[in-house]
Amino acid sequence: MKKDYSSIFASLFILVVLGLIYFTMMPHWTSEDESPLSEFSTKRALKQVEAISKQPHYVGSDNHEIVANYLQKELNKLGLETAIQEGYTLSDWGNLVKSKNILARIKGTSNSKALLLLTHYDSAPHSYSPGASDAGSGVATILESVRAFLYNKTPHKNDIIILFSDAEELGLNGAALFVTKHSWAHQIGLVLNFEARGSSGPSYMLMETNKGNAGLVQEFAAANATFPVSNSLMYSIYKMLPNDTDLTVFREQGNIQGYNFAFIDDHFNYHTAQDDIDHLSKNTLTHQGSYLVPLLNYFSNADLSATQATTDDVYFTIPYTFISYPFSWVLPMVLIALGLFIFLLFLGRAKRILSFREIGKGFIPFLGSLIVTGLITFFGWKILLKVYPQYNDLLNGFTYNGHDYICAFVLLALAIGLAFYNSFSAKKVTMNHYVVPLFLWIIINGILAFVLQGAGFLIIPVYFGLFIFGVFIVTQRSNKMLNLIFSIPSLIIIVPFIQMFPIGLGLKVLFGSAILTILTFGLLLPVFGAFAKKGIWSLLFFALAIGFLVKAHYNSGYEFGKAKSNSLLYVYNADTNKANWLTYDTNLDAWTKGYLGENPKEASALNETPLYSKYNSVLTYQADAPVKALAKPSIEFLEDRIIGNQRYLKIKISPNRKVNRYDIFANEKMVFHNFKANGAASLGQKGSRYERNGQKILSYYVVDNIPLEMQFSISIATVLEMELMESSFDLLQNPLFNIAKRERWMMPTPFVLNDAVVIKQKIKPTPKVVTNTLDNAVIAPAEKNSLPIVKDSLM
C-alpha cells in the first residue's frame, strides 16, 4: 500500500504560512548601521531612547526636568523653536498635576488644519521605570522621523505640531492641559499618537473617533504604510478596556480624532524597572518608524477634513495590505453566506452526497472538542496559578513564560480536536461533518453583525470555507491542494487573534484562545479531516503541549531581567502616633519578610480608604514599624464661612519635607460643590457638584513641593470628615530608614503606591487663639478643634 504523506505536507504548509504571516507583520532585519540621513534610522532613534531612559523621570523627579531640557535642545537642533506650556489640570479620575508640555511647530504653505505628532515623555511613578518603551520609543520615533522629513525638505501645506505631553502616566493631564487651554488645539485636524504597553512585537494601529471611522480608514489606506497591522475588532475591544491614551483626551475633550500606534508584546515589562533600552525590541522601534515616515509625508499634504465621516468601515490587514468595506455590507454578507450555505446543503442532499443523519453526528466531535477544550484550559490555568503562586506577582497577568503557555494550550486544543474527530468522524464523512462548523460560524457572524460590527471581517474565511464545500458538492470530490490554499484566509485573519488576546488581556483569557483554536480547526476541517492517522497526530500535538508545559516550568522562576515584583510601604498614622509596614504582595519574599516578619497580620489599615490601582490591588499584609521623626504637613483653613445654607472652605496643605503625592479622602456622604484644587476644576464636571468615585477626592502629584489648596462648599448640615495621605517616594533613600537594596532578581511592583514613606492624618481645623486688641483678653473658639465660623450674607 502506498503511504500517504499528505498530512505531513499539510502540516508543513500551515507552518510555513503561519511563519510568513508572523514575519510580514513587522520588520525583522533591522540594520545595525545608520541609514542615510534622508531615511529613518533605528540606530539614531535608539540613541534618543538611551538618552531619555537613563533614569526614571516621573513627574516631580529631578530627572523629569533633565529629560524636558534635553528634548527642548533636540528640537532646537532640528532648527525648531520650542514652547513650554505649564499649568494645573484635575482629571476625571481625580488626579491633580502641574504638567509641563513641550511644543514645536513646523509651518506649512497654507492655512489648513494642522497635523499633530503626539507622545508623552514622563515615565511611570512608583516602580523606577526608565520609560524606554513607554514612551521613550514614541519620542525617538517622532524626533528621528521629523529629522528625516526636514532633511529632505519635504514640501507640505499643513502645519506640523509636535507635542511631547507630560503627566500621561498620572491621568493624561498634559494632553488635557493642551486640549483645554492651548490656542493651537483648535487648529488641529488629525493626531498621530505613539504609545507602548510592552517592549516588543508588532505595533498595532487603533483609531479614535467620535463619529464614523470611514474617512480615517480610507485616508490611512491611501498613506500606504509598509507594515500595517490593525483591524476594526481590536478597537471595538480597546474601547471596552480601561486603557485610555492621550489621544482619548483629544477625542473626548476636543472632538479631535486620530490614530494610535502601540505595541503590546512582552507586556510584563510595562511600567516596570525593566522598561529599559535593553528590553526594547529594535525591530519594534523600526516598525513605529515605518508607520510615521509615510504617514507624515502623506498627512502633511492631505486634506485633513477628509478624515471626517459619519459612517463606519470594517477594516483588517493581510501582509502588506489594508482592506476595508462599509459596515452596511456586514449583515448582507452574513445573509448571503447563509443563503449559499442552505443552497449547498440541499443541493448536496439532492445529489445524495450529504446525509442529515451524518450531519447531525457532526455535532458530537465539534461541540465535544469545543466544550472539553474550554473546560480544560479554563480550569487548567486556575490550577497552574495554584501550583505556581508566583504568577500572581505580575499584576498585568502575563508571565515571563506566557508564550510557552499559549503554545501549550493551543497545541492541547489541536490534540483534543484531532482526538474527537479520530473517534467520531471518518475521512469519508468529513464534508458531512463540515456542515456543523460552517453553520456555527455563520451563526456567530450573524450575532456579531448586530452586537460587534467591527468583527464583520470574520465572515470572509467562512466564504472560503463555503467555496471548499461547494466544490465538493459539485465535483463530489475533496481536493486536498485546493483545501490547503483556501485555508490561508483563516490562517491570516483568525489565527493572529489566538496569540494577541492573551498577550493584550492576560493569560486569564487563555481559554478563549483555545476555544478560538477549535473554531479555526472547524473551518479547516477539510484539511485536518483528511489526515490519515488523526490519533497519532493527536498524540504528537499532546506530546508537544506537554513539552511546552515542561519548558514553562523550567522558566517559571525569577532572574535578573525577569524579576519578581514586590512592594513595601512605611505608613505613619499621625492621629494615633503608630506606624506600620505594609505590602501589596500575596507571596512574600526574603526582602519583604525582613520588615513584615514570617507571620505578618492581614492588612486593614489603608484598605478602608483604598488607593487607586489599575488592577484593583489591595494591601495584603502589615506589621508594626518603629515611629520615625517625620515632619508632618501643615494644614491651614484659609477660609471657613457660612453663606446661606452653604459652608465655604479653603484649605491649604503644605509639605514640611520633600514629598511626591497627596491623596485626599472624604466621607462618601459629603457632597462637594464648586470644587477647585490649585485653581483647577474637574475637566468633566457638569454643574456645581463635584463627582467622585468612593471616598477619594483627589490625588495630587507634587512638583517642586508646591502646597495643595482646595476650595469648595458643603452643606452646613454636613460633618467635615476628611483625611490626608502624604507620600514621598524615597523609602529606600531616606536617611531615617536603613532599607536593604532589592536583590537583582527583584523589582518594585508597578501600578501601586510603592517604596513610599506615608503620613496619614485627619484634616481638621487647628485651634487658634484670638487676641482682643482692646483689653488683650484671650478668646478661645467656641468649638473644640475648629476655627470660629464667620456667618456671612449675600445681602
# chains A, B, ... in the order shown; residues from 1 in each chain; ligands from 1
>>> residues_around(residues="range 687-699 of chain A", least_positions_apart="5", cutoff="7 Å", atoms="only C-alpha atoms", output="ChimeraX atom specification")
/A:94-96,609,661-668,672-675
>>> residues_around(residues="range 250-255 of chain A", least_positions_apart="2", cutoff="7 Å", atoms="only C-alpha atoms", output="PyMOL selection string")
chain A and resi 179+208-210+246-248+257
>>> closest_residue(among="A:Leu549, A:Leu448, A:Ala413, A:Leu170", to="Thr520 in chain A", atoms="only C-alpha atoms")
A:Ala413
>>> residues_around(residues="Phe486 in chain A", least_positions_apart="5", cutoff="10 Å", atoms="only C-alpha atoms", output="list in words")
Pro461, Tyr463, Phe464, Gly465, Leu466, Phe467, Ile468, Lys480, Met481, Leu491, Leu524 and Val527 of chain A
>>> atom_distance(atom1="CA of Val509 in chain A", atom2="CA of Phe560 in chain A")
27.5 Å
>>> residues_around(residues="range 746-758 of chain A", least_positions_apart="4", cutoff="9 Å", atoms="only C-alpha atoms", output="VMD selection string")
chain A and resid 124 to 129 270 to 274 393 to 395 558 to 560 562 to 573 583 to 585 591 611 to 615 617 659 725 to 732 734 742
